[in-house]
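Text of the file input.csv, holding CSV, C-alpha atoms:
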```csv
chain,number,residue,atom,x,y,z
A,1,MET,CA,-2.5,-3.6,24.2
A,2,ASN,CA,-5.8,-5.2,23.3
A,3,PRO,CA,-6.4,-8.0,20.8
A,4,ILE,CA,-9.1,-6.8,18.4
A,5,GLY,CA,-9.2,-9.9,16.1
A,6,PRO,CA,-7.3,-10.5,12.9
A,7,ILE,CA,-8.1,-7.0,11.5
A,8,ASN,CA,-6.3,-5.6,8.5
A,9,ALA,CA,-4.9,-2.4,9.9
A,10,LEU,CA,-2.6,-1.6,7.0
A,11,TYR,CA,-4.2,1.8,6.1
A,12,PRO,CA,-4.4,4.4,4.7
A,13,MET,CA,-3.6,3.2,1.2
A,14,PRO,CA,-3.6,5.2,-2.1
A,15,THR,CA,-6.9,5.1,-3.8
A,16,THR,CA,-6.5,4.2,-7.5
A,17,LEU,CA,-8.6,3.9,-10.6
A,18,VAL,CA,-7.6,0.7,-12.3
A,19,GLY,CA,-8.1,0.7,-16.1
A,20,ALA,CA,-8.7,-2.4,-18.2
A,21,THR,CA,-10.1,-3.3,-21.6
A,22,VAL,CA,-13.1,-5.5,-21.2
A,23,ASN,CA,-15.1,-6.8,-24.1
A,24,ASP,CA,-13.1,-4.4,-26.3
A,25,LYS,CA,-14.1,-1.3,-24.3
A,26,PRO,CA,-12.3,0.7,-21.6
A,27,ASN,CA,-13.5,0.2,-18.0
A,28,PHE,CA,-12.3,1.7,-14.7
A,29,LEU,CA,-12.6,0.3,-11.2
A,30,THR,CA,-11.7,1.9,-7.9
A,31,VAL,CA,-9.0,-0.1,-6.0
A,32,ALA,CA,-7.2,0.7,-2.8
A,33,HIS,CA,-6.1,-2.8,-2.0
A,34,VAL,CA,-2.8,-2.4,-3.8
A,35,GLY,CA,0.8,-3.1,-3.1
A,36,ILE,CA,4.5,-2.5,-3.9
A,37,LEU,CA,6.3,-5.8,-4.3
A,38,ASN,CA,9.9,-4.7,-5.0
A,39,HIS,CA,12.0,-1.7,-5.6
A,40,GLY,CA,13.9,-1.7,-8.9
A,41,THR,CA,13.6,-2.3,-12.6
A,42,PRO,CA,11.4,-4.1,-13.6
A,43,GLN,CA,9.1,-2.6,-11.0
A,44,TYR,CA,6.2,-4.8,-9.9
A,45,LEU,CA,3.0,-3.7,-8.3
A,46,SER,CA,-0.1,-5.6,-7.2
A,47,ILE,CA,-3.8,-5.0,-7.2
A,48,GLY,CA,-6.2,-7.3,-5.3
A,49,LEU,CA,-9.6,-7.6,-7.1
A,50,GLY,CA,-12.5,-9.7,-5.9
A,51,LYS,CA,-13.3,-12.3,-8.4
A,52,ILE,CA,-16.8,-11.0,-8.9
A,53,HIS,CA,-15.5,-7.9,-10.6
A,54,TYR,CA,-16.1,-7.2,-14.3
A,55,SER,CA,-12.5,-6.2,-15.1
A,56,ASN,CA,-10.7,-9.4,-14.1
A,57,ALA,CA,-11.5,-11.3,-17.3
A,58,GLY,CA,-10.3,-8.3,-19.4
A,59,ILE,CA,-7.0,-8.0,-17.6
A,60,LYS,CA,-6.4,-11.7,-18.1
A,61,GLU,CA,-7.3,-11.6,-21.7
A,62,ASN,CA,-5.3,-8.5,-22.7
A,63,ARG,CA,-2.5,-9.0,-20.1
A,64,ALA,CA,-2.5,-5.3,-19.4
A,65,PHE,CA,-4.0,-2.8,-17.0
A,66,SER,CA,-3.4,0.7,-15.7
A,67,ILE,CA,-3.2,2.3,-12.3
A,68,CYS,CA,-4.4,5.9,-12.4
A,69,LEU,CA,-4.1,8.2,-9.4
A,70,PRO,CA,-7.1,10.5,-8.9
A,71,SER,CA,-6.6,13.8,-7.0
A,72,GLU,CA,-9.0,15.3,-4.5
A,73,ASP,CA,-11.0,17.0,-7.3
A,74,LEU,CA,-12.0,13.6,-8.6
A,75,ILE,CA,-13.4,12.3,-5.3
A,76,VAL,CA,-17.0,12.0,-6.6
A,77,GLU,CA,-16.0,10.2,-9.9
A,78,THR,CA,-13.6,8.0,-8.0
A,79,ASP,CA,-16.1,6.9,-5.5
A,80,TYR,CA,-18.7,6.3,-8.2
A,81,CYS,CA,-16.3,3.9,-10.0
A,82,GLY,CA,-16.3,1.8,-6.8
A,83,ILE,CA,-20.1,1.8,-6.5
A,84,VAL,CA,-21.3,0.8,-10.0
A,85,THR,CA,-20.2,-2.1,-12.1
A,86,GLY,CA,-18.9,-1.9,-15.7
A,87,LYS,CA,-21.4,-4.7,-16.5
A,88,LYS,CA,-24.2,-2.2,-16.4
A,89,SER,CA,-22.6,1.2,-16.6
A,90,ASP,CA,-20.2,2.9,-19.1
A,91,LYS,CA,-17.8,4.3,-16.4
A,92,ALA,CA,-15.2,5.3,-19.0
A,93,ALA,CA,-17.7,7.9,-20.3
A,94,LEU,CA,-16.8,9.9,-17.2
A,95,PHE,CA,-13.3,10.6,-18.4
A,96,ASP,CA,-11.1,11.5,-21.4
A,97,ILE,CA,-9.0,8.5,-22.1
A,98,PHE,CA,-5.6,7.9,-23.6
A,99,TYR,CA,-3.5,4.9,-24.3
A,100,GLY,CA,0.3,4.3,-24.1
A,101,GLU,CA,2.5,1.6,-25.4
A,102,LEU,CA,0.4,-1.4,-24.4
A,103,LYS,CA,-2.7,-0.2,-26.3
A,104,LYS,CA,-5.0,-2.2,-24.0
A,105,ALA,CA,-4.4,-0.3,-20.7
A,106,PRO,CA,-6.8,2.7,-20.8
A,107,MET,CA,-5.6,5.8,-18.8
A,108,ILE,CA,-7.4,8.9,-17.7
A,109,CYS,CA,-6.5,12.5,-18.8
A,110,GLN,CA,-8.1,13.9,-15.7
A,111,CYS,CA,-5.7,11.9,-13.4
A,112,LYS,CA,-2.5,13.7,-13.0
A,113,VAL,CA,-0.5,10.5,-12.8
A,114,ASN,CA,-1.1,7.2,-14.6
A,115,MET,CA,0.9,4.0,-14.8
A,116,GLU,CA,0.5,1.4,-17.5
A,117,LEU,CA,1.4,-2.2,-16.5
A,118,ARG,CA,2.0,-5.4,-18.3
A,119,LEU,CA,0.4,-8.4,-16.5
A,120,HIS,CA,3.2,-10.5,-15.0
A,121,ASP,CA,1.3,-13.0,-12.9
A,122,VAL,CA,-2.0,-13.7,-11.3
A,123,LEU,CA,-2.1,-15.1,-7.7
A,124,ASP,CA,-5.3,-17.2,-7.3
A,125,PHE,CA,-6.8,-16.6,-3.8
A,126,SER,CA,-10.1,-18.1,-3.0
A,127,THR,CA,-12.1,-14.9,-3.4
A,128,HIS,CA,-9.6,-12.6,-5.1
A,129,ASP,CA,-7.4,-12.4,-8.1
A,130,VAL,CA,-4.2,-10.6,-7.2
A,131,PHE,CA,-2.8,-9.2,-10.4
A,132,ILE,CA,0.9,-8.5,-10.4
A,133,GLY,CA,1.9,-6.0,-13.1
A,134,GLU,CA,5.2,-4.6,-14.3
A,135,VAL,CA,5.2,-0.9,-14.8
A,136,VAL,CA,5.9,-0.2,-18.5
A,137,GLN,CA,5.5,3.6,-18.5
A,138,THR,CA,4.3,6.3,-16.2
A,139,TYR,CA,2.7,9.5,-17.4
A,140,ALA,CA,2.5,12.7,-15.3
A,141,ASP,CA,1.0,16.1,-15.8
A,142,GLY,CA,3.5,18.8,-15.6
A,143,SER,CA,1.4,20.5,-12.9
A,144,VAL,CA,2.3,17.8,-10.3
A,145,LEU,CA,6.0,17.7,-11.0
A,146,THR,CA,8.8,19.4,-9.0
A,147,ASN,CA,12.3,19.1,-10.5
A,148,GLY,CA,10.9,16.3,-12.7
A,149,LYS,CA,9.6,14.2,-9.8
A,150,ILE,CA,6.0,13.6,-8.7
A,151,ASP,CA,5.2,16.0,-5.9
A,152,LEU,CA,2.5,14.6,-3.6
A,153,ALA,CA,1.7,18.1,-2.2
A,154,LYS,CA,0.7,19.0,-5.8
A,155,LEU,CA,-0.9,15.7,-6.6
A,156,LYS,CA,-3.3,15.7,-3.6
A,157,PRO,CA,-4.0,12.0,-3.6
A,158,LEU,CA,-7.0,10.3,-2.1
A,159,LEU,CA,-6.1,8.0,0.7
A,160,PHE,CA,-8.5,5.2,1.7
A,161,ASP,CA,-9.1,3.8,5.1
A,162,MET,CA,-11.4,0.8,5.7
A,163,ALA,CA,-12.1,1.3,9.4
A,164,SER,CA,-13.7,4.8,8.8
A,165,THR,CA,-14.7,4.0,5.2
A,166,LYS,CA,-13.5,7.5,4.4
A,167,TYR,CA,-11.1,9.1,1.9
A,168,TRP,CA,-8.4,11.1,3.7
A,169,ARG,CA,-6.3,14.0,2.6
A,170,LEU,CA,-2.5,13.8,2.8
A,171,GLY,CA,-0.9,16.2,5.3
A,172,PRO,CA,2.6,17.8,5.1
A,173,PRO,CA,6.0,16.2,5.0
A,174,ILE,CA,7.4,15.9,8.5
A,175,GLY,CA,10.9,14.4,8.2
A,176,ASP,CA,13.6,13.0,5.9
A,177,CYS,CA,13.9,9.3,5.3
A,178,TRP,CA,17.4,7.7,5.9
A,179,LYS,CA,18.4,10.9,7.7
A,180,ILE,CA,16.2,11.8,10.7
A,181,GLY,CA,17.1,8.5,12.4
A,182,LYS,CA,20.9,9.1,12.1
A,183,SER,CA,20.9,10.9,15.5
A,184,LEU,CA,20.2,7.6,17.2
A,185,LYS,CA,23.4,6.1,15.7
A,186,LYS,CA,25.4,8.0,18.4
A,187,VAL,CA,23.1,6.7,21.2
A,188,VAL,CA,22.5,3.0,20.3
A,189,LYS,CA,25.4,0.6,20.0
B,1,MET,CA,0.7,14.1,-20.1
B,2,ASN,CA,4.4,13.4,-20.2
B,3,PRO,CA,6.1,9.9,-20.0
B,4,ILE,CA,8.6,10.0,-17.2
B,5,GLY,CA,9.8,6.4,-17.4
B,6,PRO,CA,8.6,3.3,-15.7
B,7,ILE,CA,8.5,5.1,-12.3
B,8,ASN,CA,6.6,3.5,-9.3
B,9,ALA,CA,4.2,6.3,-8.4
B,10,LEU,CA,2.1,4.3,-5.9
B,11,TYR,CA,2.7,6.5,-2.9
B,12,PRO,CA,2.3,7.4,-0.1
B,13,MET,CA,2.4,4.0,1.6
B,14,PRO,CA,2.1,3.3,5.3
B,15,THR,CA,5.5,3.1,7.0
B,16,THR,CA,5.8,-0.1,9.1
B,17,LEU,CA,8.2,-1.8,11.4
B,18,VAL,CA,8.4,-5.5,10.5
B,19,GLY,CA,9.3,-7.7,13.4
B,20,ALA,CA,11.0,-11.1,13.0
B,21,THR,CA,13.0,-13.6,15.1
B,22,VAL,CA,16.5,-13.9,13.6
B,23,ASN,CA,19.1,-16.1,15.2
B,24,ASP,CA,16.7,-16.5,18.2
B,25,LYS,CA,16.6,-12.8,18.8
B,26,PRO,CA,13.9,-10.1,17.9
B,27,ASN,CA,14.8,-7.8,15.1
B,28,PHE,CA,12.9,-4.9,13.4
B,29,LEU,CA,13.2,-3.5,9.9
B,30,THR,CA,11.5,-0.4,8.4
B,31,VAL,CA,9.3,-1.4,5.5
B,32,ALA,CA,6.9,0.8,3.4
B,33,HIS,CA,6.8,-1.5,0.3
B,34,VAL,CA,3.7,-3.3,1.6
B,35,GLY,CA,0.5,-4.4,0.1
B,36,ILE,CA,-3.1,-5.6,0.8
B,37,LEU,CA,-3.8,-8.7,-1.3
B,38,ASN,CA,-7.5,-9.4,-0.5
B,39,HIS,CA,-10.3,-8.4,1.7
B,40,GLY,CA,-11.7,-11.1,4.0
B,41,THR,CA,-10.8,-13.9,6.3
B,42,PRO,CA,-8.1,-15.1,6.1
B,43,GLN,CA,-6.6,-11.7,5.5
B,44,TYR,CA,-3.4,-11.6,3.5
B,45,LEU,CA,-0.8,-8.8,3.4
B,46,SER,CA,2.5,-8.6,1.6
B,47,ILE,CA,5.9,-7.1,2.5
B,48,GLY,CA,8.6,-6.8,-0.1
B,49,LEU,CA,12.1,-7.2,1.4
B,50,GLY,CA,15.3,-6.9,-0.6
B,51,LYS,CA,17.2,-10.2,-0.4
B,52,ILE,CA,20.1,-8.6,1.3
B,53,HIS,CA,18.2,-7.9,4.5
B,54,TYR,CA,19.0,-9.7,7.7
B,55,SER,CA,15.4,-10.5,8.6
B,56,ASN,CA,14.5,-12.7,5.5
B,57,ALA,CA,16.1,-15.9,6.8
B,58,GLY,CA,14.4,-15.5,10.1
B,59,ILE,CA,11.0,-15.1,8.6
B,60,LYS,CA,11.5,-18.2,6.4
B,61,GLU,CA,12.8,-20.2,9.4
B,62,ASN,CA,10.1,-19.3,11.8
B,63,ARG,CA,7.3,-18.8,9.3
B,64,ALA,CA,6.1,-15.7,11.2
B,65,PHE,CA,6.5,-11.9,11.2
B,66,SER,CA,4.8,-8.8,12.6
B,67,ILE,CA,3.7,-5.6,11.0
B,68,CYS,CA,3.9,-2.8,13.6
B,69,LEU,CA,2.6,0.7,12.9
B,70,PRO,CA,4.7,3.5,14.3
B,71,SER,CA,3.1,6.9,15.0
B,72,GLU,CA,4.6,10.3,14.5
B,73,ASP,CA,6.3,10.2,17.9
B,74,LEU,CA,8.4,7.3,16.7
B,75,ILE,CA,9.7,8.9,13.5
B,76,VAL,CA,13.4,8.9,14.7
B,77,GLU,CA,13.3,5.3,15.9
B,78,THR,CA,11.5,4.2,12.8
B,79,ASP,CA,13.9,5.8,10.4
B,80,TYR,CA,16.8,4.4,12.4
B,81,CYS,CA,15.5,0.9,11.9
B,82,GLY,CA,15.7,1.5,8.1
B,83,ILE,CA,19.3,2.8,8.3
B,84,VAL,CA,21.1,0.2,10.4
B,85,THR,CA,21.2,-3.6,9.9
B,86,GLY,CA,20.3,-6.2,12.5
B,87,LYS,CA,23.5,-7.9,11.6
B,88,LYS,CA,25.5,-5.3,13.5
B,89,SER,CA,23.0,-3.5,15.7
B,90,ASP,CA,20.4,-4.7,18.4
B,91,LYS,CA,17.5,-2.6,17.1
B,92,ALA,CA,15.1,-4.4,19.4
B,93,ALA,CA,16.8,-2.7,22.3
B,94,LEU,CA,15.0,0.5,21.3
B,95,PHE,CA,11.6,-0.9,22.2
B,96,ASP,CA,9.6,-2.8,24.8
B,97,ILE,CA,8.6,-6.0,23.1
B,98,PHE,CA,5.7,-8.4,23.4
B,99,TYR,CA,4.6,-11.6,21.7
B,100,GLY,CA,1.2,-12.9,20.7
B,101,GLU,CA,0.0,-16.3,19.6
B,102,LEU,CA,2.8,-17.1,17.2
B,103,LYS,CA,5.6,-16.6,19.7
B,104,LYS,CA,8.1,-15.8,17.0
B,105,ALA,CA,6.6,-12.5,15.8
B,106,PRO,CA,8.0,-9.8,18.1
B,107,MET,CA,5.8,-6.7,18.4
B,108,ILE,CA,6.4,-3.3,19.9
B,109,CYS,CA,4.6,-1.8,22.9
B,110,GLN,CA,5.4,1.7,21.7
B,111,CYS,CA,3.5,1.1,18.5
B,112,LYS,CA,-0.2,1.6,19.0
B,113,VAL,CA,-1.2,-1.0,16.5
B,114,ASN,CA,0.6,-4.3,15.8
B,115,MET,CA,-0.4,-7.2,13.6
B,116,GLU,CA,1.1,-10.7,13.9
B,117,LEU,CA,1.2,-12.8,10.7
B,118,ARG,CA,1.7,-16.4,9.8
B,119,LEU,CA,3.9,-16.8,6.7
B,120,HIS,CA,1.7,-18.1,3.9
B,121,ASP,CA,4.0,-17.9,0.9
B,122,VAL,CA,7.1,-16.3,-0.4
B,123,LEU,CA,7.3,-14.9,-3.9
B,124,ASP,CA,10.8,-15.2,-5.2
B,125,PHE,CA,11.7,-12.1,-7.3
B,126,SER,CA,15.2,-11.6,-8.5
B,127,THR,CA,16.2,-9.0,-5.9
B,128,HIS,CA,13.4,-9.3,-3.4
B,129,ASP,CA,11.5,-11.8,-1.3
B,130,VAL,CA,7.9,-10.9,-1.2
B,131,PHE,CA,6.5,-12.4,2.1
B,132,ILE,CA,2.8,-13.1,2.1
B,133,GLY,CA,1.4,-13.3,5.6
B,134,GLU,CA,-2.0,-14.2,7.1
B,135,VAL,CA,-3.1,-11.8,9.8
B,136,VAL,CA,-3.5,-14.0,12.9
B,137,GLN,CA,-4.2,-11.3,15.5
B,138,THR,CA,-4.1,-7.5,15.7
B,139,TYR,CA,-3.3,-5.6,18.9
B,140,ALA,CA,-4.3,-2.0,19.4
B,141,ASP,CA,-3.8,0.5,22.2
B,142,GLY,CA,-7.1,1.8,23.6
B,143,SER,CA,-5.9,5.3,23.0
B,144,VAL,CA,-6.2,4.9,19.2
B,145,LEU,CA,-9.6,3.3,19.1
B,146,THR,CA,-12.9,5.0,18.5
B,147,ASN,CA,-16.0,2.8,18.9
B,148,GLY,CA,-13.7,-0.2,18.9
B,149,LYS,CA,-12.1,0.6,15.6
B,150,ILE,CA,-8.7,2.0,14.8
B,151,ASP,CA,-8.9,5.7,14.3
B,152,LEU,CA,-6.2,7.1,12.0
B,153,ALA,CA,-6.6,10.6,13.4
B,154,LYS,CA,-5.5,9.2,16.7
B,155,LEU,CA,-2.9,6.8,15.4
B,156,LYS,CA,-1.1,9.5,13.4
B,157,PRO,CA,0.7,7.1,11.0
B,158,LEU,CA,3.9,7.9,9.2
B,159,LEU,CA,3.4,7.8,5.4
B,160,PHE,CA,6.4,7.2,3.1
B,161,ASP,CA,7.0,8.7,-0.3
B,162,MET,CA,10.0,7.6,-2.5
B,163,ALA,CA,10.0,10.7,-4.8
B,164,SER,CA,10.6,13.1,-1.9
B,165,THR,CA,12.2,10.5,0.4
B,166,LYS,CA,10.2,12.0,3.2
B,167,TYR,CA,7.7,10.9,5.8
B,168,TRP,CA,4.4,12.6,5.5
B,169,ARG,CA,1.6,13.3,8.0
B,170,LEU,CA,-2.0,12.2,7.3
B,171,GLY,CA,-4.5,15.0,6.8
B,172,PRO,CA,-8.2,15.0,7.7
B,173,PRO,CA,-11.0,12.8,6.2
B,174,ILE,CA,-12.6,14.5,3.2
B,175,GLY,CA,-15.4,12.2,2.1
B,176,ASP,CA,-17.4,9.0,2.7
B,177,CYS,CA,-16.5,5.9,0.6
B,178,TRP,CA,-19.4,4.2,-1.3
B,179,LYS,CA,-21.5,7.3,-0.6
B,180,ILE,CA,-20.0,10.5,-2.0
B,181,GLY,CA,-20.1,9.1,-5.5
B,182,LYS,CA,-23.8,8.2,-5.4
B,183,SER,CA,-24.7,11.7,-6.7
B,184,LEU,CA,-23.4,10.7,-10.1
B,185,LYS,CA,-25.8,7.8,-10.4
B,186,LYS,CA,-28.5,10.2,-11.3
B,187,VAL,CA,-26.3,11.8,-14.0
B,188,VAL,CA,-24.6,8.9,-15.7
B,189,LYS,CA,-26.6,6.2,-17.4
```

So, in terms of structure tokens, how does the structure I just supplied come out?
Amino acid sequence: MNPIGPINALYPMPTTLVGATVNDKPNFLTVAHVGILNHGTPQYLSIGLGKIHYSNAGIKENRAFSICLPSEDLIVETDYCGIVTGKKSDKAALFDIFYGELKKAPMICQCKVNMELRLHDVLDFSTHDVFIGEVVQTYADGSVLTNGKIDLAKLKPLLFDMASTKYWRLGPPIGDCWKIGKSLKKVVK
Amino acid sequence: MNPIGPINALYPMPTTLVGATVNDKPNFLTVAHVGILNHGTPQYLSIGLGKIHYSNAGIKENRAFSICLPSEDLIVETDYCGIVTGKKSDKAALFDIFYGELKKAPMICQCKVNMELRLHDVLDFSTHDVFIGEVVQTYADGSVLTNGKIDLAKLKPLLFDMASTKYWRLGPPIGDCWKIGKSLKKVVK
């Protein structure tokens, strides 16, 4: 086992498009440095945005943002939203947009799953604002649901990896959680 | 687009084994509610642990934990570590263990990638402790490296999804980040 330096190896992560209202207009930013903070209601998620980004001020002002999940068919648009800045480019023009309860969290019709979040807190790191949001509502296209639940095999999410700087496809399910490990209960005391 | 309630749809996430020293003994807990908070040095990651878990007190006491990345071949052991509690079971006996600089963050020889983290902060949510750690050192087996970097195709991580309660395999890379979207620069103003 070789030390390779204090490298962040926590990949792949889901690639998301974060929506915000900035200067009264919708903007979208590609974000894969995301997190799940708890499991329950209210449900809190985090997004880590470099302070240089255009969206940060809008999220703070409106206390709302969205996390939209692009599928494989949006790989070009998703990558584009991580290359250009909303300061100079109207990225929202790429998509058809809708709003939910919060009115200031733009979401994307072309994304099969969208979450709107109320800003709960901001963690102030030296180079990054970590926005903690509470999920207020989740919207899903019927085409990605199986028995009312989001089906990742239908969603075809884009997974991000920093080491390769590539988007990866999800493979098939390979085992049941809280089940496949039960066989060890008989073996280990 | 149908509202489906305030569902957390931020999946799949990497399945990890979190190591901690609890009552002077190593313990491991399966955690997929993780997050990347920033990108840089120091590098901060988060893990969200329900307050009922056995490891929380040990992480607070020793101010250290590890994030170990199990591959597909450890699916049974990984699931087991999410089913049984360290209060009653010596889960560390499943693995060969090593320590790095922090001495109190046990890591797993059978995991091809391990990170040791210094506790930076704890966010106190009603049901969860969110532990924010700084990556102090990362250890990787040579078999999962390509040109010195972690190669996910070799690592074969276990990806967790709550909706299906299954572990999923990673598929192949399908596009280059900060590159595949450049074609839109010519189209969008």

Figure out the distance between atom CA of Leu119 of chain B and atom CA of Gly100 of chain B, please, to one decimal in Å.
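Pair atom CA of Gly100 of chain B / atom CA of Leu119 of chain B returns 14.8 Å.
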
Could you pull the residues within 8 Å of segment 169-183 of chain B, counting all atoms listed in the file, minus those fewer than 3 positions along the same chain, as an NGL selection string?
(:A and (75-83 or 165-174)) or (:B and (72 or 153 or 156-159 or 186-187))

What does the structure give for the distance between atom CA of Ala57 of chain A and atom CA of Ala92 of chain A, in Å to one decimal?
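Here the two named atoms are 17.1 Å from each other.
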
Could you pull the residues within 9 Å of segment 40-52 of chain A, counting only C-alpha atoms, minus those fewer than 3 positions along the same chain, as JSON, numbers by chain?
{"A": [18, 31, 32, 33, 34, 35, 36, 37, 55, 56, 67, 117, 120, 126, 127, 128, 129, 130, 131, 132, 133, 134, 135, 136], "B": [6, 7, 8, 10, 35, 36, 37, 38, 39, 127]}

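In this structure, atom CA of Thr30 of chain A sits 12.8 Å away from atom CA of Ile108 of chain A.
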
Got a sec to check which residues sit within 8 Å of (6.8, 9.6, -17.8), counting all atoms listed in the file, and write them as a list in words?
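Output: Gln137, Thr138, Tyr139 and Ala140 of chain A; Met1, Asn2, Pro3, Ile4, Gly5, Pro6 and Ile7 of chain B.
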
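Checking B:Ile97, B:Ile150, B:Ile59, B:Leu155 one by one against chain A, counting only C-alpha atoms, you find the shortest gap at B:Ile150.
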
Quick one: residues within 8 Å of Gln110 of chain A, only C-alpha atoms counted, chain neighbours fewer than 4 positions away excluded, as number ranges by chain?
A: 70, 95-96

Closest to Gly86 of chain A among A:Leu29, A:Leu145, A:Met13, A:Cys111, using only C-alpha atoms?
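Result for the nearest residue to Gly86 of chain A: A:Leu29.
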
Mind checking which residues fall within 6 Å of Pro26 of chain A, counting only C-alpha atoms, ignoring those fewer than 2 positions away in the same chain, and posting them as an MDAnalysis selection string?
chainID A and resid 20:21 106

Selection above as a file: C-alpha atoms, as a PDB file, keeping the file's coordinate frame:
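Here's the written file out-v9.pdb:
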```
ATOM      1  CA  ALA A  20      -8.700  -2.400 -18.200  1.00  0.00           C
ATOM      2  CA  THR A  21     -10.100  -3.300 -21.600  1.00  0.00           C
ATOM      3  CA  PRO A 106      -6.800   2.700 -20.800  1.00  0.00           C
TER       4      PRO A 106
END
```

Identify which of the residues A:Gly19, A:Arg118, A:Tyr11, A:Leu74 lies closest to chain B, counting only C-alpha atoms when measuring atom-to-atom distances.
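The answer is A:Tyr11, which sits nearest to chain B.
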
Which one is closest to chain A: B:Val22, B:Glu61, B:Lys103, B:Ser89? Count all atoms listed in the file.
B:Ser89

Nearest to Val144 of chain B by atom-to-atom distance, counting all atoms listed in the file, from B:Val113, B:Leu17, B:Met162, B:Cys68
B:Val113
